[in-house]
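Student: I am attaching a structure below and will ask some questions about it afterwards.
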Amino acid sequence: LAKTTQPISMDSYEGQEVNITCSHNNIATNDYITWYQQFPSQGPRFIIQGYKTKVTNEVASLFIPADRKSSTLSLPRVSLSDTAVYYCLVQGTYKYIFGTGTRLKVLA
Amino acid sequence: KAGVTQTPRYLIKTRGQQVTLSCSPISGHRSVSWYQQTPGQGLQFLFEYFSETQRNKGNFPGRFSGRQFSNSRSEMNVSTLELGDSALYLCASSPNGGEVDTQYFGPGTRLTVL
(Lines give C-alpha, C1' and ligand atoms only; values in the text may rest on other atoms or scores of the structure.)
Protein backbone atom coordinates (compact mmCIF):
# COMPACT_ATOMS: atom_id res chain seq x y z
CA LEU A 1 0.00 0.00 0.00
CA ALA A 2 1.42 3.37 -1.00
CA LYS A 3 2.53 5.57 1.89
CA THR A 4 2.92 9.30 1.77
CA THR A 5 4.92 10.69 4.67
CA GLN A 6 5.68 14.14 6.02
CA PRO A 7 7.49 15.56 9.05
CA ILE A 8 5.14 15.70 12.00
CA SER A 9 5.78 19.31 12.95
CA MET A 10 7.85 22.40 12.19
CA ASP A 11 8.39 25.74 13.88
CA SER A 12 9.27 28.94 12.07
CA TYR A 13 9.45 32.65 12.73
CA GLU A 14 7.41 35.30 10.99
CA GLY A 15 8.97 36.51 7.76
CA GLN A 16 10.97 33.35 7.14
CA GLU A 17 10.61 30.98 4.21
CA VAL A 18 9.29 27.55 5.16
CA ASN A 19 9.87 24.36 3.18
CA ILE A 20 7.76 21.29 3.92
CA THR A 21 8.64 18.01 2.27
CA CYS A 22 6.51 15.04 1.36
CA SER A 23 7.80 11.59 0.46
CA HIS A 24 5.78 9.54 -2.02
CA ASN A 25 8.02 6.72 -3.19
CA ASN A 26 5.27 4.75 -4.92
CA ILE A 27 3.87 7.57 -7.03
CA ALA A 28 2.42 6.38 -10.34
CA THR A 29 3.10 7.88 -13.76
CA ASN A 30 -0.22 9.70 -14.02
CA ASP A 31 -0.43 10.87 -10.40
CA TYR A 32 -0.43 14.55 -9.48
CA ILE A 33 0.67 16.14 -6.22
CA THR A 34 -1.56 18.62 -4.45
CA TRP A 35 -1.01 20.50 -1.20
CA TYR A 36 -3.69 21.58 1.24
CA GLN A 37 -3.82 23.76 4.34
CA GLN A 38 -6.14 22.94 7.21
CA PHE A 39 -7.16 25.05 10.19
CA PRO A 40 -8.89 23.56 13.24
CA SER A 41 -12.54 22.68 12.69
CA GLN A 42 -12.32 23.42 8.96
CA GLY A 43 -11.94 21.36 5.83
CA PRO A 44 -8.63 21.36 3.95
CA ARG A 45 -8.08 24.29 1.61
CA PHE A 46 -6.27 24.00 -1.73
CA ILE A 47 -2.84 25.63 -1.95
CA ILE A 48 -1.10 24.38 -5.09
CA GLN A 49 -0.84 21.43 -7.49
CA GLY A 50 1.90 20.12 -9.74
CA TYR A 51 3.19 17.18 -11.76
CA LYS A 52 6.93 17.86 -12.14
CA THR A 53 9.59 20.56 -11.86
CA LYS A 54 8.37 23.80 -10.32
CA VAL A 55 4.99 25.44 -10.01
CA THR A 56 4.38 28.85 -8.44
CA ASN A 57 1.24 30.76 -7.58
CA GLU A 58 0.51 33.83 -5.50
CA VAL A 59 0.85 32.03 -2.17
CA ALA A 60 3.36 29.17 -2.60
CA SER A 61 5.79 27.26 -4.77
CA LEU A 62 5.93 23.53 -5.34
CA PHE A 63 9.16 21.75 -6.26
CA ILE A 64 9.07 18.23 -7.67
CA PRO A 65 12.35 16.51 -8.65
CA ALA A 66 12.71 14.45 -11.80
CA ASP A 67 12.10 11.10 -10.05
CA ARG A 68 8.90 12.55 -8.49
CA LYS A 69 9.40 10.48 -5.32
CA SER A 70 9.14 13.58 -3.19
CA SER A 71 7.83 17.11 -3.32
CA THR A 72 8.50 20.30 -1.39
CA LEU A 73 6.00 23.01 -0.58
CA SER A 74 7.64 26.39 -0.13
CA LEU A 75 5.87 29.19 1.73
CA PRO A 76 7.65 32.53 1.38
CA ARG A 77 7.68 34.96 4.31
CA VAL A 78 5.23 33.17 6.60
CA SER A 79 2.98 35.05 9.01
CA LEU A 80 1.20 34.02 12.21
CA SER A 81 -1.92 33.24 10.18
CA ASP A 82 -0.03 30.49 8.34
CA THR A 83 -0.05 28.39 11.52
CA ALA A 84 -1.95 25.31 10.37
CA VAL A 85 -1.57 21.70 9.34
CA TYR A 86 -0.31 21.12 5.80
CA TYR A 87 -1.08 17.98 3.82
CA CYS A 88 0.25 16.66 0.57
CA LEU A 89 -2.07 14.58 -1.56
CA VAL A 90 -1.13 12.11 -4.25
CA GLN A 91 -4.06 11.91 -6.60
CA GLY A 92 -4.45 9.66 -9.57
CA THR A 93 -7.19 7.95 -11.45
CA TYR A 94 -9.86 7.60 -8.74
CA LYS A 95 -7.07 7.45 -6.16
CA TYR A 96 -6.52 9.89 -3.32
CA ILE A 97 -3.75 9.31 -0.78
CA PHE A 98 -3.11 12.01 1.78
CA GLY A 99 0.17 12.48 3.56
CA THR A 100 0.47 12.26 7.30
CA GLY A 101 0.32 16.03 7.70
CA THR A 102 2.82 18.61 9.01
CA ARG A 103 1.82 20.90 11.83
CA LEU A 104 3.44 24.29 11.16
CA LYS A 105 3.68 26.75 14.01
CA VAL A 106 4.72 30.29 13.16
CA LEU A 107 6.23 32.23 16.04
CA ALA A 108 6.33 36.00 16.47
CA LYS B 1 -20.65 30.13 -6.03
CA ALA B 2 -21.63 28.55 -2.77
CA GLY B 3 -19.08 26.16 -1.33
CA VAL B 4 -19.48 22.55 -0.31
CA THR B 5 -21.99 22.18 2.48
CA GLN B 6 -22.29 19.31 4.92
CA THR B 7 -25.07 18.53 7.34
CA PRO B 8 -25.23 18.09 10.19
CA ARG B 9 -22.07 19.74 11.50
CA TYR B 10 -22.09 17.80 14.76
CA LEU B 11 -23.61 14.50 15.70
CA ILE B 12 -23.59 12.32 18.80
CA LYS B 13 -24.62 8.67 18.53
CA THR B 14 -24.28 5.56 20.64
CA ARG B 15 -22.68 2.26 19.71
CA GLY B 16 -24.81 0.08 17.49
CA GLN B 17 -26.79 2.93 15.97
CA GLN B 18 -26.54 4.02 12.38
CA VAL B 19 -25.96 7.49 10.96
CA THR B 20 -26.45 9.28 7.65
CA LEU B 21 -24.38 12.29 6.67
CA SER B 22 -25.20 14.61 3.80
CA CYS B 23 -23.07 16.57 1.36
CA SER B 24 -24.07 19.17 -1.22
CA PRO B 25 -21.30 19.81 -3.76
CA ILE B 26 -20.45 23.04 -5.50
CA SER B 27 -22.91 23.70 -8.30
CA GLY B 28 -21.74 22.00 -11.50
CA HIS B 29 -19.43 19.56 -9.75
CA ARG B 30 -20.21 15.94 -10.51
CA SER B 31 -17.59 14.17 -8.40
CA VAL B 32 -18.01 13.80 -4.65
CA SER B 33 -15.46 12.11 -2.40
CA TRP B 34 -15.69 11.26 1.26
CA TYR B 35 -12.87 11.12 3.80
CA GLN B 36 -12.52 10.14 7.43
CA GLN B 37 -10.14 12.18 9.56
CA THR B 38 -8.92 10.98 12.94
CA PRO B 39 -5.90 11.98 15.05
CA GLY B 40 -4.43 8.49 14.77
CA GLN B 41 -5.03 7.65 11.12
CA GLY B 42 -5.10 11.09 9.53
CA LEU B 43 -7.12 11.70 6.38
CA GLN B 44 -8.31 8.47 4.81
CA PHE B 45 -10.22 8.11 1.57
CA LEU B 46 -13.61 6.42 1.93
CA PHE B 47 -15.16 6.48 -1.54
CA GLU B 48 -15.79 8.61 -4.59
CA TYR B 49 -18.97 9.03 -6.59
CA PHE B 50 -19.43 10.39 -10.09
CA SER B 51 -22.75 10.59 -11.90
CA GLU B 52 -24.40 8.41 -9.25
CA THR B 53 -21.78 5.64 -9.61
CA GLN B 54 -19.17 4.68 -7.06
CA ARG B 55 -15.83 4.79 -8.86
CA ASN B 56 -13.52 3.83 -6.06
CA LYS B 57 -13.63 2.72 -2.45
CA GLY B 58 -11.03 2.92 0.28
CA ASN B 59 -10.10 0.23 2.75
CA PHE B 60 -13.10 0.47 5.07
CA PRO B 61 -15.56 -2.20 6.22
CA GLY B 62 -18.89 -2.69 4.53
CA ARG B 63 -20.60 -0.79 7.35
CA PHE B 64 -19.55 2.34 5.48
CA SER B 65 -21.63 3.00 2.40
CA GLY B 66 -22.70 5.91 0.29
CA ARG B 67 -24.73 7.04 -2.62
CA GLN B 68 -25.09 9.96 -4.98
CA PHE B 69 -28.26 11.44 -6.35
CA SER B 70 -28.99 12.80 -9.79
CA ASN B 71 -28.37 16.37 -8.58
CA SER B 72 -24.87 15.26 -7.41
CA ARG B 73 -25.74 15.55 -3.73
CA SER B 74 -24.30 12.65 -1.78
CA GLU B 75 -24.94 10.82 1.44
CA MET B 76 -22.82 8.43 3.41
CA ASN B 77 -24.13 5.94 5.90
CA VAL B 78 -22.41 4.14 8.72
CA SER B 79 -24.27 1.22 10.26
CA THR B 80 -23.67 -0.50 13.59
CA LEU B 81 -21.53 2.33 14.90
CA GLU B 82 -18.38 1.56 16.86
CA LEU B 83 -16.41 3.80 19.20
CA GLY B 84 -13.63 3.93 16.64
CA ASP B 85 -15.94 5.56 14.10
CA SER B 86 -15.71 8.82 16.03
CA ALA B 87 -14.09 11.18 13.56
CA LEU B 88 -14.45 14.22 11.35
CA TYR B 89 -16.09 13.15 8.10
CA LEU B 90 -15.17 15.37 5.19
CA CYS B 91 -16.80 15.65 1.83
CA ALA B 92 -15.03 17.11 -1.21
CA SER B 93 -16.34 17.94 -4.65
CA SER B 94 -14.63 18.51 -7.98
CA PRO B 95 -15.84 19.00 -11.53
CA ASN B 96 -15.01 15.50 -12.77
CA GLY B 97 -12.63 13.88 -10.31
CA GLY B 98 -9.35 12.36 -11.43
CA GLU B 99 -5.71 13.32 -11.43
CA VAL B 100 -5.85 17.05 -12.03
CA ASP B 101 -9.19 18.15 -10.67
CA THR B 102 -8.92 20.31 -7.56
CA GLN B 103 -11.05 19.03 -4.73
CA TYR B 104 -12.95 21.55 -2.65
CA PHE B 105 -13.72 20.46 0.87
CA GLY B 106 -16.69 21.14 3.09
CA PRO B 107 -16.35 21.97 6.79
CA GLY B 108 -17.00 18.38 7.82
CA THR B 109 -19.34 16.57 10.16
CA ARG B 110 -17.96 15.80 13.59
CA LEU B 111 -19.32 12.41 14.67
CA THR B 112 -18.96 11.30 18.26
CA VAL B 113 -19.86 7.71 19.15
CA LEU B 114 -20.51 7.04 22.83
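The way I read the labels, and the way they are meant: chains A, B, ... in the order of the C-alpha coordinates, residue 1 as the first residue of every chain, and ligand 1 as the first ligand shown, with later ones counted on from there.
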Give me, as a PyMOL selection string, the residues of chain A touching chain B, with the criterion being at most 8 Å (counting only C-alpha atoms).
Tutor: chain A and resi 30-32+41-46+91-101
Student: Restricted to N, CA, C and O atoms, what would the selected residues look like written as a PDB file, in the first residue's frame?
Tutor:
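Generated output (out.pdb):
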```
ATOM      1  N   ASN A  30       0.810   8.693 -13.749  1.00  0.00           N
ATOM      2  CA  ASN A  30      -0.215   9.699 -14.018  1.00  0.00           C
ATOM      3  C   ASN A  30      -0.706  10.410 -12.762  1.00  0.00           C
ATOM      4  O   ASN A  30      -1.710  11.116 -12.801  1.00  0.00           O
ATOM      5  N   ASP A  31      -0.018  10.224 -11.646  1.00  0.00           N
ATOM      6  CA  ASP A  31      -0.431  10.872 -10.397  1.00  0.00           C
ATOM      7  C   ASP A  31       0.036  12.322 -10.353  1.00  0.00           C
ATOM      8  O   ASP A  31       1.140  12.643 -10.810  1.00  0.00           O
ATOM      9  N   TYR A  32      -0.790  13.171  -9.739  1.00  0.00           N
ATOM     10  CA  TYR A  32      -0.427  14.554  -9.478  1.00  0.00           C
ATOM     11  C   TYR A  32      -0.249  14.755  -7.976  1.00  0.00           C
ATOM     12  O   TYR A  32      -0.747  13.968  -7.175  1.00  0.00           O
ATOM     13  N   SER A  41     -11.092  22.681  12.925  1.00  0.00           N
ATOM     14  CA  SER A  41     -12.544  22.680  12.693  1.00  0.00           C
ATOM     15  C   SER A  41     -12.932  23.163  11.293  1.00  0.00           C
ATOM     16  O   SER A  41     -14.051  23.639  11.085  1.00  0.00           O
ATOM     17  N   GLN A  42     -12.011  23.064  10.347  1.00  0.00           N
ATOM     18  CA  GLN A  42     -12.325  23.417   8.961  1.00  0.00           C
ATOM     19  C   GLN A  42     -11.863  22.297   8.036  1.00  0.00           C
ATOM     20  O   GLN A  42     -11.005  21.487   8.400  1.00  0.00           O
ATOM     21  N   GLY A  43     -12.421  22.293   6.832  1.00  0.00           N
ATOM     22  CA  GLY A  43     -11.944  21.355   5.833  1.00  0.00           C
ATOM     23  C   GLY A  43     -10.648  21.849   5.202  1.00  0.00           C
ATOM     24  O   GLY A  43     -10.343  23.032   5.260  1.00  0.00           O
ATOM     25  N   PRO A  44      -9.863  20.956   4.618  1.00  0.00           N
ATOM     26  CA  PRO A  44      -8.632  21.359   3.952  1.00  0.00           C
ATOM     27  C   PRO A  44      -8.906  22.362   2.826  1.00  0.00           C
ATOM     28  O   PRO A  44      -9.937  22.278   2.147  1.00  0.00           O
ATOM     29  N   ARG A  45      -7.947  23.282   2.644  1.00  0.00           N
ATOM     30  CA  ARG A  45      -8.084  24.293   1.612  1.00  0.00           C
ATOM     31  C   ARG A  45      -6.947  24.161   0.621  1.00  0.00           C
ATOM     32  O   ARG A  45      -5.781  24.047   1.016  1.00  0.00           O
ATOM     33  N   PHE A  46      -7.253  24.175  -0.664  1.00  0.00           N
ATOM     34  CA  PHE A  46      -6.270  23.999  -1.734  1.00  0.00           C
ATOM     35  C   PHE A  46      -5.203  25.091  -1.702  1.00  0.00           C
ATOM     36  O   PHE A  46      -5.512  26.280  -1.551  1.00  0.00           O
ATOM     37  N   GLN A  91      -2.794  12.265  -5.987  1.00  0.00           N
ATOM     38  CA  GLN A  91      -4.062  11.910  -6.600  1.00  0.00           C
ATOM     39  C   GLN A  91      -3.866  11.400  -8.010  1.00  0.00           C
ATOM     40  O   GLN A  91      -3.124  11.961  -8.813  1.00  0.00           O
ATOM     41  N   GLY A  92      -4.524  10.265  -8.256  1.00  0.00           N
ATOM     42  CA  GLY A  92      -4.448   9.655  -9.567  1.00  0.00           C
ATOM     43  C   GLY A  92      -5.835   9.309 -10.045  1.00  0.00           C
ATOM     44  O   GLY A  92      -6.811   9.918  -9.624  1.00  0.00           O
ATOM     45  N   THR A  93      -5.891   8.349 -10.910  1.00  0.00           N
ATOM     46  CA  THR A  93      -7.189   7.948 -11.446  1.00  0.00           C
ATOM     47  C   THR A  93      -8.007   7.306 -10.329  1.00  0.00           C
ATOM     48  O   THR A  93      -7.740   6.183  -9.915  1.00  0.00           O
ATOM     49  N   TYR A  94      -8.968   8.049  -9.824  1.00  0.00           N
ATOM     50  CA  TYR A  94      -9.857   7.603  -8.742  1.00  0.00           C
ATOM     51  C   TYR A  94      -9.064   7.176  -7.512  1.00  0.00           C
ATOM     52  O   TYR A  94      -9.481   6.295  -6.774  1.00  0.00           O
ATOM     53  N   LYS A  95      -7.932   7.802  -7.277  1.00  0.00           N
ATOM     54  CA  LYS A  95      -7.073   7.446  -6.156  1.00  0.00           C
ATOM     55  C   LYS A  95      -6.677   8.713  -5.425  1.00  0.00           C
ATOM     56  O   LYS A  95      -6.239   9.694  -6.049  1.00  0.00           O
ATOM     57  N   TYR A  96      -6.848   8.714  -4.121  1.00  0.00           N
ATOM     58  CA  TYR A  96      -6.517   9.892  -3.322  1.00  0.00           C
ATOM     59  C   TYR A  96      -5.824   9.440  -2.051  1.00  0.00           C
ATOM     60  O   TYR A  96      -6.447   8.836  -1.178  1.00  0.00           O
ATOM     61  N   ILE A  97      -4.519   9.722  -1.948  1.00  0.00           N
ATOM     62  CA  ILE A  97      -3.746   9.309  -0.779  1.00  0.00           C
ATOM     63  C   ILE A  97      -3.132  10.544  -0.143  1.00  0.00           C
ATOM     64  O   ILE A  97      -2.246  11.184  -0.712  1.00  0.00           O
ATOM     65  N   PHE A  98      -3.618  10.860   1.057  1.00  0.00           N
ATOM     66  CA  PHE A  98      -3.107  12.014   1.782  1.00  0.00           C
ATOM     67  C   PHE A  98      -1.853  11.650   2.560  1.00  0.00           C
ATOM     68  O   PHE A  98      -1.692  10.515   3.030  1.00  0.00           O
ATOM     69  N   GLY A  99      -0.993  12.623   2.698  1.00  0.00           N
ATOM     70  CA  GLY A  99       0.168  12.477   3.559  1.00  0.00           C
ATOM     71  C   GLY A  99      -0.249  12.549   5.012  1.00  0.00           C
ATOM     72  O   GLY A  99      -1.403  12.813   5.347  1.00  0.00           O
ATOM     73  N   THR A 100       0.724  12.326   5.871  1.00  0.00           N
ATOM     74  CA  THR A 100       0.470  12.258   7.302  1.00  0.00           C
ATOM     75  C   THR A 100       0.265  13.628   7.938  1.00  0.00           C
ATOM     76  O   THR A 100      -0.174  13.719   9.074  1.00  0.00           O
ATOM     77  N   GLY A 101       0.562  14.683   7.217  1.00  0.00           N
ATOM     78  CA  GLY A 101       0.323  16.035   7.704  1.00  0.00           C
ATOM     79  C   GLY A 101       1.502  16.607   8.481  1.00  0.00           C
ATOM     80  O   GLY A 101       2.166  15.900   9.239  1.00  0.00           O
TER      81      GLY A 101
END
```
Student: Using only C-alpha atoms, determine which residues lie at most 8 Å from stretch 9-23 of chain A, disregarding the query and same-chain residues fewer than 3 positions distant; provide the list as number ranges by chain.
Tutor: A: 4-6, 69-80, 88, 99, 102-108
Student: Could you please determine the separation between atom CA of A:Gln49 and atom CA of A:Leu62 in Å, to one decimal place?
Tutor: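 It comes out at 7.4 Å.
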Student: Which residues come within 9 Å of A:Gly50, counting only C-alpha atoms, excluding same-chain residues fewer than 3 positions away, as a ChimeraX atom specification?
Tutor: /A:32-34,53-55,62-64 /B:100
Student: Could you check how far atom CA of B:Gln6 sits from atom CA of B:Leu111, in Å to one decimal?
Tutor: 12.3 Å
Student: For B:Thr14, list every protein, DNA or RNA residue within 12 Å, evaluated using only C-alpha atoms, and leave out those in the same chain fewer than 5 positions away; present the list as a ChimeraX atom specification.
Tutor: /B:19,79-86,111-114
Student: When you draw a straight line from atom CA of A:Lys52 to atom CA of A:Gln38, how long is it in Å?
Tutor: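 It comes out at 23.9 Å.
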Student: Out of chain B, which residues get strand (DSSP E) from DSSP, as number ranges by chain?
Tutor: B: 5-7, 10-13, 19-24, 31-38, 42-50, 53-57, 64-68, 74-78, 87-94, 104-105, 109-113
Student: Fewer than 6 positions away in the same chain doesn't count, so skip those; otherwise give me all residues within 8 Å of stretch 60-77 of chain B, counting only C-alpha atoms, as a list in words.
Tutor: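 My reading of the contact set: Gln18, Val19, Thr20, Leu21, Ser22, Cys23, Ser24, Pro25, His29, Arg30, Ser31, Val32, Trp34, Leu46, Phe47, Tyr49, Phe50, Ser51, Glu52, Thr53 and Gln54 of chain B.
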